[in-house]
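Asker: Just dropping this structure here.
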Amino acid sequence: MTAAPIHLRDERFMLDPAGAAFWPARRILIAADLHLAPAMTGAPRQLVPQGGKATLERLNRLLRLYRPAKVVILGRDFPGRGASSLLAKDERAQIEVMAREASFIWVSDKPDAAAGLPGVYVPLYREGAFTFRHAAGPQLGPRAFEVSGYFQPKASIDARAKRVSRPCFVTGGNRLMLPAFGAPGGGLDVHDPAISRFFPRGLRVFLLGQDQLFSFALEQLGRMAEVA
(Lines give C-alpha, C1' and ligand atoms only; values in the text may rest on other atoms or scores of the structure.)
Protein backbone atom coordinates (compact mmCIF):
# COMPACT_ATOMS: atom_id res chain seq x y z
CA MET A 1 0.00 0.00 0.00
CA THR A 2 1.09 3.57 -0.68
CA ALA A 3 0.47 6.05 2.13
CA ALA A 4 -0.13 9.71 1.26
CA PRO A 5 1.96 12.31 3.12
CA ILE A 6 0.24 15.50 4.23
CA HIS A 7 1.51 18.40 6.31
CA LEU A 8 -0.55 19.67 9.20
CA ARG A 9 1.06 22.81 10.52
CA ASP A 10 4.76 21.88 10.44
CA GLU A 11 4.17 18.19 11.07
CA ARG A 12 4.08 15.40 8.49
CA PHE A 13 1.35 12.78 8.76
CA MET A 14 0.96 9.67 6.62
CA LEU A 15 -2.57 8.73 5.54
CA ASP A 16 -2.75 5.00 5.01
CA PRO A 17 -5.20 3.40 2.53
CA ALA A 18 -6.30 1.09 5.34
CA GLY A 19 -8.00 4.13 6.89
CA ALA A 20 -5.54 5.09 9.65
CA ALA A 21 -3.03 7.93 10.01
CA PHE A 22 0.56 7.83 11.26
CA TRP A 23 2.52 10.70 12.83
CA PRO A 24 6.17 9.73 12.27
CA ALA A 25 7.79 12.40 14.46
CA ARG A 26 5.87 11.21 17.52
CA ARG A 27 5.50 7.57 16.37
CA ILE A 28 1.73 7.71 16.85
CA LEU A 29 -0.75 5.58 14.90
CA ILE A 30 -4.31 6.97 14.84
CA ALA A 31 -7.49 5.09 13.94
CA ALA A 32 -11.14 6.01 14.42
CA ASP A 33 -14.33 4.07 15.07
CA LEU A 34 -13.14 0.48 15.24
CA HIS A 35 -16.67 -0.78 16.04
CA LEU A 36 -15.29 -3.75 17.90
CA ALA A 37 -18.17 -4.84 20.09
CA PRO A 38 -21.37 -6.33 18.61
CA ALA A 39 -24.06 -3.75 17.88
CA MET A 40 -27.56 -3.83 19.34
CA THR A 41 -30.46 -4.18 16.90
CA GLY A 42 -34.07 -3.20 17.45
CA ALA A 43 -34.84 -6.68 18.70
CA PRO A 44 -34.45 -6.89 22.50
CA ARG A 45 -30.97 -8.04 23.54
CA GLN A 46 -30.07 -9.12 20.01
CA LEU A 47 -26.42 -8.53 19.09
CA VAL A 48 -25.03 -8.30 15.57
CA PRO A 49 -21.28 -8.99 15.06
CA GLN A 50 -19.31 -6.08 13.57
CA GLY A 51 -16.23 -7.87 12.22
CA GLY A 52 -13.96 -7.11 15.15
CA LYS A 53 -11.51 -9.90 14.34
CA ALA A 54 -10.85 -8.64 10.80
CA THR A 55 -10.53 -5.08 12.08
CA LEU A 56 -7.95 -6.08 14.67
CA GLU A 57 -5.98 -8.05 12.09
CA ARG A 58 -5.81 -4.94 9.89
CA LEU A 59 -4.73 -2.85 12.86
CA ASN A 60 -2.06 -5.38 13.75
CA ARG A 61 -0.67 -5.20 10.20
CA LEU A 62 -0.28 -1.44 10.61
CA LEU A 63 1.53 -1.94 13.91
CA ARG A 64 3.97 -4.24 12.12
CA LEU A 65 4.39 -1.71 9.32
CA TYR A 66 4.82 1.52 11.30
CA ARG A 67 6.09 0.26 14.68
CA PRO A 68 4.34 3.03 16.65
CA ALA A 69 5.10 3.88 20.26
CA LYS A 70 1.46 4.88 20.80
CA VAL A 71 -1.85 3.90 19.25
CA VAL A 72 -4.61 6.49 19.61
CA ILE A 73 -8.09 5.06 19.05
CA LEU A 74 -10.81 7.66 18.47
CA GLY A 75 -14.36 6.58 18.88
CA ARG A 76 -17.20 5.00 20.72
CA ASP A 77 -15.91 1.53 19.88
CA PHE A 78 -18.19 -0.12 22.44
CA PRO A 79 -21.90 0.61 22.95
CA GLY A 80 -21.81 1.30 26.68
CA ARG A 81 -20.21 0.89 30.09
CA GLY A 82 -18.26 -2.35 30.35
CA ALA A 83 -19.23 -3.34 26.81
CA SER A 84 -15.65 -4.41 26.08
CA SER A 85 -16.61 -7.59 27.95
CA LEU A 86 -18.60 -8.53 24.82
CA LEU A 87 -15.39 -9.07 22.88
CA ALA A 88 -14.52 -12.63 21.96
CA LYS A 89 -11.61 -14.07 23.93
CA ASP A 90 -9.33 -14.21 20.90
CA GLU A 91 -10.08 -10.56 20.05
CA ARG A 92 -9.30 -9.46 23.61
CA ALA A 93 -6.11 -11.50 23.50
CA GLN A 94 -5.07 -9.85 20.24
CA ILE A 95 -5.51 -6.39 21.75
CA GLU A 96 -3.42 -7.45 24.74
CA VAL A 97 -0.63 -8.66 22.45
CA MET A 98 -0.63 -5.41 20.48
CA ALA A 99 -0.65 -3.38 23.71
CA ARG A 100 2.63 -5.00 24.70
CA GLU A 101 4.19 -3.42 21.62
CA ALA A 102 2.62 0.07 21.85
CA SER A 103 0.74 2.12 24.42
CA PHE A 104 -2.99 2.24 23.66
CA ILE A 105 -4.96 5.44 24.28
CA TRP A 106 -8.75 5.07 23.98
CA VAL A 107 -10.30 8.49 23.27
CA SER A 108 -14.07 8.58 23.65
CA ASP A 109 -16.92 10.51 25.24
CA LYS A 110 -17.64 7.19 26.98
CA PRO A 111 -14.12 6.14 28.03
CA ASP A 112 -15.41 3.71 30.65
CA ALA A 113 -16.83 1.52 27.87
CA ALA A 114 -13.32 0.23 27.11
CA ALA A 115 -12.57 -0.46 30.78
CA GLY A 116 -10.78 -3.75 31.23
CA LEU A 117 -8.71 -3.43 28.07
CA PRO A 118 -5.03 -2.43 28.25
CA GLY A 119 -4.26 1.25 27.93
CA VAL A 120 -5.67 4.51 29.21
CA TYR A 121 -9.20 5.87 28.64
CA VAL A 122 -9.70 9.62 28.19
CA PRO A 123 -12.36 11.99 26.73
CA LEU A 124 -9.67 13.75 24.68
CA TYR A 125 -5.92 13.48 24.22
CA ARG A 126 -3.36 16.22 23.51
CA GLU A 127 0.08 15.83 22.00
CA GLY A 128 1.95 19.02 21.16
CA ALA A 129 -0.38 21.37 19.28
CA PHE A 130 -2.72 18.50 18.34
CA THR A 131 -5.94 17.55 20.09
CA PHE A 132 -7.41 14.11 19.41
CA ARG A 133 -11.07 13.48 20.12
CA HIS A 134 -13.90 11.30 18.90
CA ALA A 135 -16.13 14.01 17.41
CA ALA A 136 -15.03 17.37 16.02
CA GLY A 137 -15.73 20.23 18.38
CA PRO A 138 -15.32 23.99 18.80
CA GLN A 139 -12.12 25.42 17.39
CA LEU A 140 -9.27 25.42 19.87
CA GLY A 141 -7.36 28.44 18.59
CA PRO A 142 -5.30 29.54 15.57
CA ARG A 143 -2.26 27.48 16.52
CA ALA A 144 -4.14 24.31 17.48
CA PHE A 145 -5.01 21.35 15.29
CA GLU A 146 -7.74 18.75 15.76
CA VAL A 147 -7.88 15.10 14.68
CA SER A 148 -11.27 13.39 14.97
CA GLY A 149 -13.54 10.61 13.72
CA TYR A 150 -17.22 9.98 14.50
CA PHE A 151 -18.87 11.10 11.21
CA GLN A 152 -17.35 8.24 9.18
CA PRO A 153 -16.93 10.56 6.17
CA LYS A 154 -17.37 9.31 2.62
CA ALA A 155 -17.34 10.95 -0.80
CA SER A 156 -18.69 10.10 -4.24
CA ILE A 157 -17.18 10.63 -7.67
CA ASP A 158 -18.02 9.65 -11.22
CA ALA A 159 -15.43 7.11 -12.31
CA ARG A 160 -15.44 5.10 -15.55
CA ALA A 161 -19.09 5.92 -16.25
CA LYS A 162 -20.34 4.88 -12.84
CA ARG A 163 -20.82 6.50 -9.47
CA VAL A 164 -18.32 5.42 -6.80
CA SER A 165 -18.79 6.14 -3.09
CA ARG A 166 -15.95 5.42 -0.68
CA PRO A 167 -14.84 6.24 2.84
CA CYS A 168 -12.34 9.08 2.98
CA PHE A 169 -10.11 11.27 5.06
CA VAL A 170 -11.12 14.94 5.18
CA THR A 171 -8.68 17.76 5.79
CA GLY A 172 -8.81 21.53 5.63
CA GLY A 173 -7.90 24.50 7.78
CA ASN A 174 -6.63 22.99 11.00
CA ARG A 175 -8.65 19.79 11.11
CA LEU A 176 -8.22 16.19 10.01
CA MET A 177 -11.24 13.86 10.06
CA LEU A 178 -10.69 10.11 9.76
CA PRO A 179 -12.91 7.46 8.17
CA ALA A 180 -14.20 4.53 10.20
CA PHE A 181 -11.46 1.93 10.53
CA GLY A 182 -13.90 -0.83 11.47
CA ALA A 183 -16.91 -2.16 9.63
CA PRO A 184 -18.73 0.86 8.14
CA GLY A 185 -21.96 1.85 9.82
CA GLY A 186 -23.42 4.22 7.26
CA GLY A 187 -21.43 7.41 7.41
CA LEU A 188 -22.02 10.90 6.01
CA ASP A 189 -21.14 12.40 2.66
CA VAL A 190 -18.62 15.24 2.94
CA HIS A 191 -21.19 17.65 1.46
CA ASP A 192 -23.43 17.11 4.48
CA PRO A 193 -23.55 20.28 6.63
CA ALA A 194 -22.69 18.20 9.70
CA ILE A 195 -19.21 17.76 8.16
CA SER A 196 -18.79 20.77 5.86
CA ARG A 197 -19.50 23.28 8.66
CA PHE A 198 -16.16 22.32 10.23
CA PHE A 199 -14.35 23.31 7.02
CA PRO A 200 -15.59 26.84 6.23
CA ARG A 201 -12.58 27.58 4.00
CA GLY A 202 -12.98 24.42 1.95
CA LEU A 203 -11.79 20.87 2.27
CA ARG A 204 -9.84 18.15 0.50
CA VAL A 205 -10.73 14.48 0.61
CA PHE A 206 -8.53 11.41 0.30
CA LEU A 207 -10.66 8.51 -0.92
CA LEU A 208 -9.64 5.05 0.20
CA GLY A 209 -8.57 2.82 -2.68
CA GLN A 210 -7.41 -0.76 -2.52
CA ASP A 211 -3.71 0.12 -2.39
CA GLN A 212 -3.59 3.90 -2.51
CA LEU A 213 -5.51 7.08 -1.83
CA PHE A 214 -7.13 9.41 -4.35
CA SER A 215 -7.18 13.11 -3.50
CA PHE A 216 -9.81 15.62 -4.62
CA ALA A 217 -10.83 19.11 -3.64
CA LEU A 218 -14.50 19.38 -2.71
CA GLU A 219 -15.40 21.13 -5.96
CA GLN A 220 -13.91 18.26 -7.98
CA LEU A 221 -16.19 15.62 -6.53
CA GLY A 222 -18.74 14.48 -9.05
CA ARG A 223 -16.51 15.02 -12.06
CA MET A 224 -15.14 12.18 -14.13
CA ALA A 225 -12.03 10.69 -12.57
CA GLU A 226 -9.90 7.67 -13.18
CA VAL A 227 -10.02 5.68 -9.96
CA ALA A 228 -8.69 2.15 -9.81
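Letters A, B, ... mark the chains of the C-alpha coordinates in the order given; residue numbers begin at 1 per chain; ligand numbers begin at 1, in order shown.
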I want to know what sits within 6 Å of range 100-109 of chain A, based on only C-alpha atoms, with residues of the same chain fewer than 4 positions away left out; could you give that as a VMD selection string?
Answerer: chain A and resid 69 to 76 119 to 124 133 to 134
Asker: Can you pull out the residues contacting Ala217 in chain A? Cut-off 10 Å, using only C-alpha atoms, and skip same-chain residues under 5 positions away; I want them as an MDAnalysis selection string.
Answerer: chainID A and resid 170:172 202:206
Asker: With only C-alpha atoms as the atoms that count, which of A:Ile6, A:Val97, A:Leu59, A:Ala25 lies nearest to Gly182 in chain A?
Answerer: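 Answer, going by the shortest atom-to-atom distance: A:Leu59.
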Asker: With only C-alpha atoms as the basis for distance, which of A:Ala20, A:Ala135, A:Ala180, A:Val190 is at the shortest distance from Ser156 in chain A?
Answerer: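 Among A:Ala20, A:Ala135, A:Ala180, A:Val190, it is A:Val190 that comes nearest to Ser156 in chain A.
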Asker: For the strand (DSSP E or B) assignment from backbone DSSP, which residues of range 9-206 of chain A qualify? Please present them as a count of residues only.
Answerer: 65
Asker: So how many Å separate CA of Gly116 in chain A and CA of Gln94 in chain A, to one decimal?
Answerer: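 Spanning CA of Gly116 in chain A to CA of Gln94 in chain A is a straight-line distance of 13.8 Å.
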Asker: If I take CA of Asn60 in chain A and CA of Phe145 in chain A, how far is one from the other in Å, to one decimal?
Answerer: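 CA of Asn60 in chain A sits 26.9 Å away from CA of Phe145 in chain A.
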Asker: Between A:Lys154, A:Arg201, A:Ala54, A:Val147, single out the one closest to Phe22 in chain A, counting only C-alpha atoms.
Answerer: A:Val147
Asker: Among range 85-182 of chain A, which residues carry a DSSP assignment of alpha helix (DSSP H), reported as a list in words?
Answerer: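 Of range 85-182 of chain A, the ones in alpha helix (DSSP H) are Lys89, Asp90, Glu91, Arg92, Ala93, Gln94, Ile95, Glu96, Val97, Met98 and Ala99 of chain A.
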Asker: Counting only C-alpha atoms, which of A:Leu8, A:Leu188, A:Leu56, A:Ala18 gets nearest to Asp211 in chain A?
Answerer: A:Ala18
Asker: Could you jot down the CA of Pro153 in chain A to CA of Gly186 in chain A separation for me, Å, one decimal place?
Answerer: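 Computing the Euclidean distance for CA of Pro153 in chain A and CA of Gly186 in chain A yields 9.1 Å.
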Asker: Using only C-alpha atoms, determine which residues lie at most 12 Å from Pro17 in chain A, disregarding the query and same-chain residues fewer than 6 positions distant; provide the list as a ChimeraX atom specification.
Answerer: /A:1-5,31,58,62,166-169,178-181,206-215
Asker: What does the file look like for those residues with N, CA, C and O atoms, as an mmCIF file, in the first residue's frame?
Answerer:
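What follows is the written file selection-v3.cif:
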```
data_model
loop_
_atom_site.group_PDB
_atom_site.id
_atom_site.type_symbol
_atom_site.label_atom_id
_atom_site.label_comp_id
_atom_site.auth_asym_id
_atom_site.auth_seq_id
_atom_site.Cartn_x
_atom_site.Cartn_y
_atom_site.Cartn_z
ATOM 1 N N MET A 1 0.840 -1.194 0.000
ATOM 2 C CA MET A 1 0.000 0.000 0.000
ATOM 3 C C MET A 1 0.882 1.253 0.000
ATOM 4 O O MET A 1 1.976 1.257 0.546
ATOM 5 N N THR A 2 0.360 2.315 -0.599
ATOM 6 C CA THR A 2 1.087 3.568 -0.675
ATOM 7 C C THR A 2 0.392 4.612 0.172
ATOM 8 O O THR A 2 -0.731 5.030 -0.139
ATOM 9 N N ALA A 3 1.035 5.028 1.261
ATOM 10 C CA ALA A 3 0.471 6.051 2.129
ATOM 11 C C ALA A 3 0.696 7.427 1.513
ATOM 12 O O ALA A 3 1.674 7.662 0.795
ATOM 13 N N ALA A 4 -0.221 8.356 1.785
ATOM 14 C CA ALA A 4 -0.131 9.712 1.259
ATOM 15 C C ALA A 4 0.358 10.654 2.352
ATOM 16 O O ALA A 4 -0.259 10.749 3.416
ATOM 17 N N PRO A 5 1.477 11.350 2.116
ATOM 18 C CA PRO A 5 1.958 12.306 3.120
ATOM 19 C C PRO A 5 1.186 13.615 3.038
ATOM 20 O O PRO A 5 0.893 14.120 1.952
ATOM 21 N N ALA A 31 -6.375 5.713 14.638
ATOM 22 C CA ALA A 31 -7.495 5.086 13.938
ATOM 23 C C ALA A 31 -8.785 5.499 14.628
ATOM 24 O O ALA A 31 -8.801 5.770 15.837
ATOM 25 N N ARG A 58 -6.279 -6.074 10.693
ATOM 26 C CA ARG A 58 -5.810 -4.939 9.894
ATOM 27 C C ARG A 58 -4.998 -3.973 10.746
ATOM 28 O O ARG A 58 -3.965 -3.449 10.318
ATOM 29 N N LEU A 62 -0.824 -2.797 10.575
ATOM 30 C CA LEU A 62 -0.282 -1.440 10.612
ATOM 31 C C LEU A 62 0.741 -1.278 11.730
ATOM 32 O O LEU A 62 1.716 -0.542 11.583
ATOM 33 N N ARG A 166 -16.938 6.084 -1.531
ATOM 34 C CA ARG A 166 -15.950 5.420 -0.684
ATOM 35 C C ARG A 166 -15.697 6.215 0.583
ATOM 36 O O ARG A 166 -15.847 7.441 0.600
ATOM 37 N N PRO A 167 -15.276 5.519 1.644
ATOM 38 C CA PRO A 167 -14.837 6.240 2.839
ATOM 39 C C PRO A 167 -13.645 7.126 2.490
ATOM 40 O O PRO A 167 -12.912 6.867 1.534
ATOM 41 N N CYS A 168 -13.440 8.162 3.283
ATOM 42 C CA CYS A 168 -12.345 9.079 2.982
ATOM 43 C C CYS A 168 -11.848 9.799 4.223
ATOM 44 O O CYS A 168 -12.552 9.902 5.234
ATOM 45 N N PHE A 169 -10.623 10.281 4.134
ATOM 46 C CA PHE A 169 -10.108 11.272 5.064
ATOM 47 C C PHE A 169 -10.602 12.636 4.590
ATOM 48 O O PHE A 169 -10.801 12.853 3.394
ATOM 49 N N LEU A 178 -11.016 11.448 10.229
ATOM 50 C CA LEU A 178 -10.685 10.106 9.762
ATOM 51 C C LEU A 178 -11.931 9.300 9.411
ATOM 52 O O LEU A 178 -12.985 9.476 10.037
ATOM 53 N N PRO A 179 -11.806 8.387 8.452
ATOM 54 C CA PRO A 179 -12.909 7.456 8.166
ATOM 55 C C PRO A 179 -13.001 6.403 9.256
ATOM 56 O O PRO A 179 -12.086 6.253 10.084
ATOM 57 N N ALA A 180 -14.081 5.649 9.266
ATOM 58 C CA ALA A 180 -14.200 4.532 10.202
ATOM 59 C C ALA A 180 -13.187 3.467 9.814
ATOM 60 O O ALA A 180 -13.086 3.081 8.646
ATOM 61 N N PHE A 181 -12.429 2.988 10.792
ATOM 62 C CA PHE A 181 -11.455 1.930 10.529
ATOM 63 C C PHE A 181 -12.122 0.560 10.564
ATOM 64 O O PHE A 181 -11.702 -0.371 9.893
ATOM 65 N N PHE A 206 -9.419 12.479 0.752
ATOM 66 C CA PHE A 206 -8.533 11.412 0.305
ATOM 67 C C PHE A 206 -9.342 10.126 0.332
ATOM 68 O O PHE A 206 -9.557 9.537 1.407
ATOM 69 N N LEU A 207 -9.834 9.710 -0.828
ATOM 70 C CA LEU A 207 -10.657 8.508 -0.919
ATOM 71 C C LEU A 207 -9.802 7.267 -0.734
ATOM 72 O O LEU A 207 -8.695 7.167 -1.271
ATOM 73 N N LEU A 208 -10.348 6.306 -0.001
ATOM 74 C CA LEU A 208 -9.642 5.052 0.201
ATOM 75 C C LEU A 208 -9.760 4.168 -1.036
ATOM 76 O O LEU A 208 -10.869 3.852 -1.475
ATOM 77 N N GLY A 209 -8.616 3.800 -1.604
ATOM 78 C CA GLY A 209 -8.573 2.823 -2.680
ATOM 79 C C GLY A 209 -8.017 1.517 -2.135
ATOM 80 O O GLY A 209 -7.689 1.411 -0.951
ATOM 81 N N GLN A 210 -7.882 0.542 -2.989
ATOM 82 C CA GLN A 210 -7.406 -0.758 -2.524
ATOM 83 C C GLN A 210 -5.974 -0.686 -2.030
ATOM 84 O O GLN A 210 -5.626 -1.275 -1.008
ATOM 85 N N ASP A 211 -5.117 0.039 -2.758
ATOM 86 C CA ASP A 211 -3.711 0.118 -2.392
ATOM 87 C C ASP A 211 -3.197 1.539 -2.304
ATOM 88 O O ASP A 211 -2.013 1.744 -2.044
ATOM 89 N N GLN A 212 -4.032 2.517 -2.562
ATOM 90 C CA GLN A 212 -3.593 3.898 -2.511
ATOM 91 C C GLN A 212 -4.781 4.809 -2.273
ATOM 92 O O GLN A 212 -5.938 4.366 -2.270
ATOM 93 N N LEU A 213 -4.480 6.081 -2.053
ATOM 94 C CA LEU A 213 -5.510 7.083 -1.833
ATOM 95 C C LEU A 213 -5.658 7.961 -3.066
ATOM 96 O O LEU A 213 -4.710 8.127 -3.847
ATOM 97 N N PHE A 214 -6.860 8.532 -3.228
ATOM 98 C CA PHE A 214 -7.134 9.412 -4.353
ATOM 99 C C PHE A 214 -7.628 10.736 -3.793
ATOM 100 O O PHE A 214 -8.626 10.782 -3.079
ATOM 101 N N SER A 215 -6.915 11.813 -4.118
ATOM 102 C CA SER A 215 -7.179 13.107 -3.502
ATOM 103 C C SER A 215 -7.966 14.026 -4.429
ATOM 104 O O SER A 215 -7.651 14.141 -5.622
#
```
Asker: Which one is closest to Ser148 in chain A: A:Met177, A:Ala129, A:Ala21, A:Leu36? Count only C-alpha atoms.
Answerer: A:Met177
